[in-house]
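Visitor: What follows is final_30.cif, made up of mmCIF, C-alpha atoms:
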data_my_file
loop_
_atom_site.label_atom_id
_atom_site.label_comp_id
_atom_site.auth_asym_id
_atom_site.auth_seq_id
_atom_site.Cartn_x
_atom_site.Cartn_y
_atom_site.Cartn_z
CA MET A 1 -28.72 21.84 30.26
CA ASP A 2 -26.40 22.71 33.13
CA ARG A 3 -23.48 24.78 31.88
CA ARG A 4 -21.10 27.12 33.61
CA SER A 5 -21.65 30.71 32.52
CA ASP A 6 -18.19 30.86 30.92
CA ASP A 7 -18.98 27.85 28.71
CA MET A 8 -20.36 29.64 25.68
CA ASN A 9 -21.81 27.51 22.95
CA LYS A 10 -20.47 29.11 19.75
CA ALA A 11 -20.87 28.30 16.09
CA ILE A 12 -19.09 29.65 13.04
CA ILE A 13 -20.79 29.34 9.67
CA VAL A 14 -18.43 28.78 6.74
CA GLU A 15 -18.95 27.69 3.15
CA GLY A 16 -16.93 24.49 2.87
CA LYS A 17 -14.70 21.95 4.51
CA THR A 18 -11.42 23.66 3.48
CA ASP A 19 -12.65 26.79 5.29
CA ARG A 20 -13.44 24.62 8.31
CA GLU A 21 -9.97 23.08 8.23
CA GLN A 22 -8.35 26.55 8.21
CA LEU A 23 -10.26 27.58 11.34
CA LEU A 24 -9.47 24.33 13.15
CA LYS A 25 -5.74 25.01 12.68
CA VAL A 26 -6.10 28.19 14.74
CA LEU A 27 -8.94 27.68 17.25
CA SER A 28 -8.09 26.42 20.72
CA GLU A 29 -11.63 26.34 22.11
CA PRO A 30 -14.50 24.05 21.19
CA VAL A 31 -16.55 25.73 18.48
CA GLU A 32 -19.03 24.08 16.13
CA ILE A 33 -18.07 24.92 12.57
CA ILE A 34 -21.07 24.59 10.25
CA CYS A 35 -20.41 24.15 6.53
CA THR A 36 -23.18 25.36 4.23
CA TYR A 37 -21.70 23.80 1.08
CA GLY A 38 -23.26 26.60 -0.95
CA THR A 39 -26.73 26.28 0.58
CA ILE A 40 -28.47 29.63 0.43
CA ASN A 41 -32.14 28.81 0.59
CA GLN A 42 -33.85 29.73 3.84
CA THR A 43 -35.35 26.32 4.60
CA ASN A 44 -32.03 24.53 4.21
CA LEU A 45 -30.18 27.14 6.29
CA GLU A 46 -32.75 26.86 9.07
CA ARG A 47 -32.40 23.07 9.00
CA LEU A 48 -28.61 23.32 9.05
CA ILE A 49 -28.39 25.88 11.85
CA ASP A 50 -30.42 25.47 15.04
CA GLU A 51 -30.25 29.00 16.43
CA GLU A 52 -31.55 27.90 19.83
CA LYS A 53 -28.56 25.62 20.28
CA TYR A 54 -25.98 28.43 20.28
CA ASP A 55 -25.25 31.42 22.49
CA GLU A 56 -23.35 33.07 19.64
CA ILE A 57 -23.35 32.51 15.90
CA TYR A 58 -20.58 33.90 13.70
CA VAL A 59 -20.31 34.03 9.93
CA LEU A 60 -17.00 33.86 8.05
CA VAL A 61 -17.51 33.35 4.32
CA ASP A 62 -15.56 34.16 1.17
CA ALA A 63 -15.22 37.76 -0.02
CA ASP A 64 -16.85 37.04 -3.40
CA GLU A 65 -20.35 37.22 -4.85
CA PRO A 66 -21.49 33.73 -3.72
CA GLY A 67 -20.13 34.49 -0.22
CA ASN A 68 -21.89 37.87 -0.17
CA LYS A 69 -25.15 36.26 -1.30
CA LEU A 70 -24.89 33.64 1.46
CA ARG A 71 -24.06 36.37 4.00
CA ARG A 72 -27.20 38.32 2.99
CA SER A 73 -29.35 35.20 3.37
CA ILE A 74 -27.89 34.50 6.80
CA LYS A 75 -28.48 38.12 7.88
CA ASN A 76 -32.18 37.76 6.95
CA ILE A 77 -32.62 34.48 8.83
CA PHE A 78 -30.25 35.07 11.77
CA PRO A 79 -30.10 38.86 12.31
CA ASN A 80 -28.11 38.48 15.55
CA ALA A 81 -25.27 36.53 13.93
CA ARG A 82 -21.92 38.31 14.11
CA HIS A 83 -20.18 38.74 10.79
CA LEU A 84 -16.43 38.29 10.44
CA TYR A 85 -14.60 39.22 7.27
CA THR A 86 -11.45 38.15 5.46
CA ARG A 87 -9.74 40.76 3.31
CA ARG A 88 -10.86 41.01 -0.30
CA MET A 89 -7.28 40.40 -1.46
CA TYR A 90 -7.51 36.83 -0.11
CA ARG A 91 -11.01 36.29 -1.54
CA GLU A 92 -11.50 32.87 0.02
CA VAL A 93 -11.35 31.85 3.68
CA ALA A 94 -9.44 28.72 2.64
CA SER A 95 -6.68 30.79 1.01
CA THR A 96 -6.45 33.36 3.82
CA PRO A 97 -3.08 33.05 5.62
CA LEU A 98 -3.27 31.47 9.07
CA GLU A 99 -1.90 34.67 10.64
CA GLU A 100 -4.88 36.56 9.24
CA ILE A 101 -7.36 33.88 10.41
CA TYR A 102 -5.67 34.10 13.83
CA ASP A 103 -6.20 37.89 13.94
CA ILE A 104 -9.83 37.66 12.75
CA LEU A 105 -10.72 35.09 15.43
CA LYS A 106 -8.69 36.71 18.21
CA ASN A 107 -10.33 40.08 17.51
CA ALA A 108 -13.72 38.34 17.81
CA HIS A 109 -12.64 37.04 21.27
CA PHE A 110 -12.11 33.40 20.35
CA ASP A 111 -9.40 31.42 22.13
CA VAL A 112 -6.72 30.80 19.55
CA LYS A 113 -3.51 28.79 19.47
CA GLU A 114 -0.29 30.75 19.56
CA ILE A 115 1.17 30.59 16.08
CA LEU A 116 4.86 30.90 15.32
#
Take the structure in the file and write it out as C-alpha cells.
Guide:
Amino acid sequence: MDRRSDDMNKAIIVEGKTDREQLLKVLSEPVEIICTYGTINQTNLERLIDEEKYDEIYVLVDADEPGNKLRRSIKNIFPNARHLYTRRMYREVASTPLEEIYDILKNAHFDVKEIL
C-alpha cells in the first residue's frame, strides 16, 4: 500500500454506535471507529480488530465496570493500543459533553473540528 508518511491509519475502539456518533461530531480526520457492542471475548475482538491494518489503535470506552472489563481485555490482546479516558462523572462516552470529547481527542493529537 502506497501511503504518504503523514497519512496515519488510525482506529478508535468504542462500545456502541452512540459513542461512535459522539466522536464523529468532533473528528475532522478520517478515523475508523470500531464498535465492540459489548464483545469482550478474545476471539471476537481479534476478528473485529485487525491490528495489522492500523498504525495506531486507541480505546475510548465507558468509565464503568463493563467498560473497564473491555479495556482490560483489549490491553491483553492489543498491548500497544493507546487508552483514552472520559471522566468518571460522565460515566458513558455517549453522555460526555462534546467539549470534553474535543479535549480528549485533541490531547491525543487527533484533528478535531473547531466547536463553538
Visitor: List as a PDB file with C-alpha atoms, keeping the file's coordinate frame the protein and nucleic acid residues near Ile13 of chain A, meaning an atom at most 8 Å away when only C-alpha atoms are counted, but skip any in the same chain fewer than 5 places from it.
Guide:
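Output saved as around_26.pdb:
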ATOM      1  CA  ILE A  33     -18.070  24.920  12.570  1.00  0.00           C
ATOM      2  CA  ILE A  34     -21.070  24.590  10.250  1.00  0.00           C
ATOM      3  CA  CYS A  35     -20.410  24.150   6.530  1.00  0.00           C
ATOM      4  CA  THR A  36     -23.180  25.360   4.230  1.00  0.00           C
ATOM      5  CA  ILE A  57     -23.350  32.510  15.900  1.00  0.00           C
ATOM      6  CA  TYR A  58     -20.580  33.900  13.700  1.00  0.00           C
ATOM      7  CA  VAL A  59     -20.310  34.030   9.930  1.00  0.00           C
ATOM      8  CA  LEU A  60     -17.000  33.860   8.050  1.00  0.00           C
ATOM      9  CA  VAL A  61     -17.510  33.350   4.320  1.00  0.00           C
TER      10      VAL A  61
END
Visitor: Ranking A:Met8, A:Ile40, A:Asp103, A:Phe110 by minimum distance to Tyr54 of chain A and counting only C-alpha atoms, which one comes first?
Guide: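 Result for the nearest residue to Tyr54 of chain A: A:Met8.
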Visitor: To one decimal place, how far is atom CA of Gln22 of chain A from atom CA of Ala94 of chain A in Å?
Guide: 6.1 Å
Visitor: Taking all atoms of segment 60-69 of chain A that appear in the file, build a box with edges along x, y and z, extend it by 4 Å on every side, and state its centre and edge lengths in Å to one decimal, as JSON.
Guide:
{"center_x": -20.2, "center_y": 35.6, "center_z": 1.6, "size_x": 17.9, "size_y": 12.5, "size_z": 20.9}
Visitor: Name the residues, using the chain letters and numbers of the file, that sit within 12 Å of (-0.8, 32.8, 8.1) when counting all atoms listed in the file, and give them as a list of chain:residue names.
Guide: A:Gln22, A:Leu23, A:Lys25, A:Val26, A:Tyr90, A:Val93, A:Ala94, A:Ser95, A:Thr96, A:Pro97, A:Leu98, A:Glu99, A:Glu100, A:Ile101, A:Tyr102, A:Asp103, A:Ile104, A:Glu114, A:Ile115, A:Leu116
Visitor: Take the PyMOL selection byres ((chain A and resi 45) around 10), apply it to the structure above, and return the hits as a list in words.
Guide: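 Applying the expression gives Thr36, Thr39, Ile40, Asn41, Gln42, Thr43, Asn44, Glu46, Arg47, Leu48, Ile49, Asp50, Leu70, Ser73, Ile74, Ile77 and Phe78 of chain A.
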Visitor: Go ahead and dump the residues you just picked, C-alpha atoms, as a compact mmCIF listing (two decimals), keeping the file's coordinate frame.
Guide:
# COMPACT_ATOMS: atom_id res chain seq x y z
CA THR A 36 -23.18 25.36 4.23
CA THR A 39 -26.73 26.28 0.58
CA ILE A 40 -28.47 29.63 0.43
CA ASN A 41 -32.14 28.81 0.59
CA GLN A 42 -33.85 29.73 3.84
CA THR A 43 -35.35 26.32 4.60
CA ASN A 44 -32.03 24.53 4.21
CA GLU A 46 -32.75 26.86 9.07
CA ARG A 47 -32.40 23.07 9.00
CA LEU A 48 -28.61 23.32 9.05
CA ILE A 49 -28.39 25.88 11.85
CA ASP A 50 -30.42 25.47 15.04
CA LEU A 70 -24.89 33.64 1.46
CA SER A 73 -29.35 35.20 3.37
CA ILE A 74 -27.89 34.50 6.80
CA ILE A 77 -32.62 34.48 8.83
CA PHE A 78 -30.25 35.07 11.77
Visitor: Evaluate the PyMOL selection byres ((chain A and resi 68) around 12) here and jot the selected residues down as a VMD selection string.
Guide: chain A and resid 14 to 15 38 40 59 to 67 69 to 75 83 to 86 88 91 to 92
Visitor: One number please: atom CA of Ala81 of chain A to atom CA of Glu56 of chain A, in Å, one decimal.
Guide: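 So the two atoms, atom CA of Ala81 of chain A and atom CA of Glu56 of chain A, lie 6.9 Å apart.
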Visitor: Care to translate the PyMOL selection byres ((chain A and resi 111) around 10) into actual residues of this file, as a VMD selection string?
Guide: chain A and resid 26 to 31 102 105 to 110 112 to 114
Visitor: Quick one: pull the distance between atom CA of Arg82 of chain A and atom CA of Leu24 of chain A, Å, one decimal.
Guide: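 Between atom CA of Arg82 of chain A and atom CA of Leu24 of chain A the gap works out to 18.7 Å.
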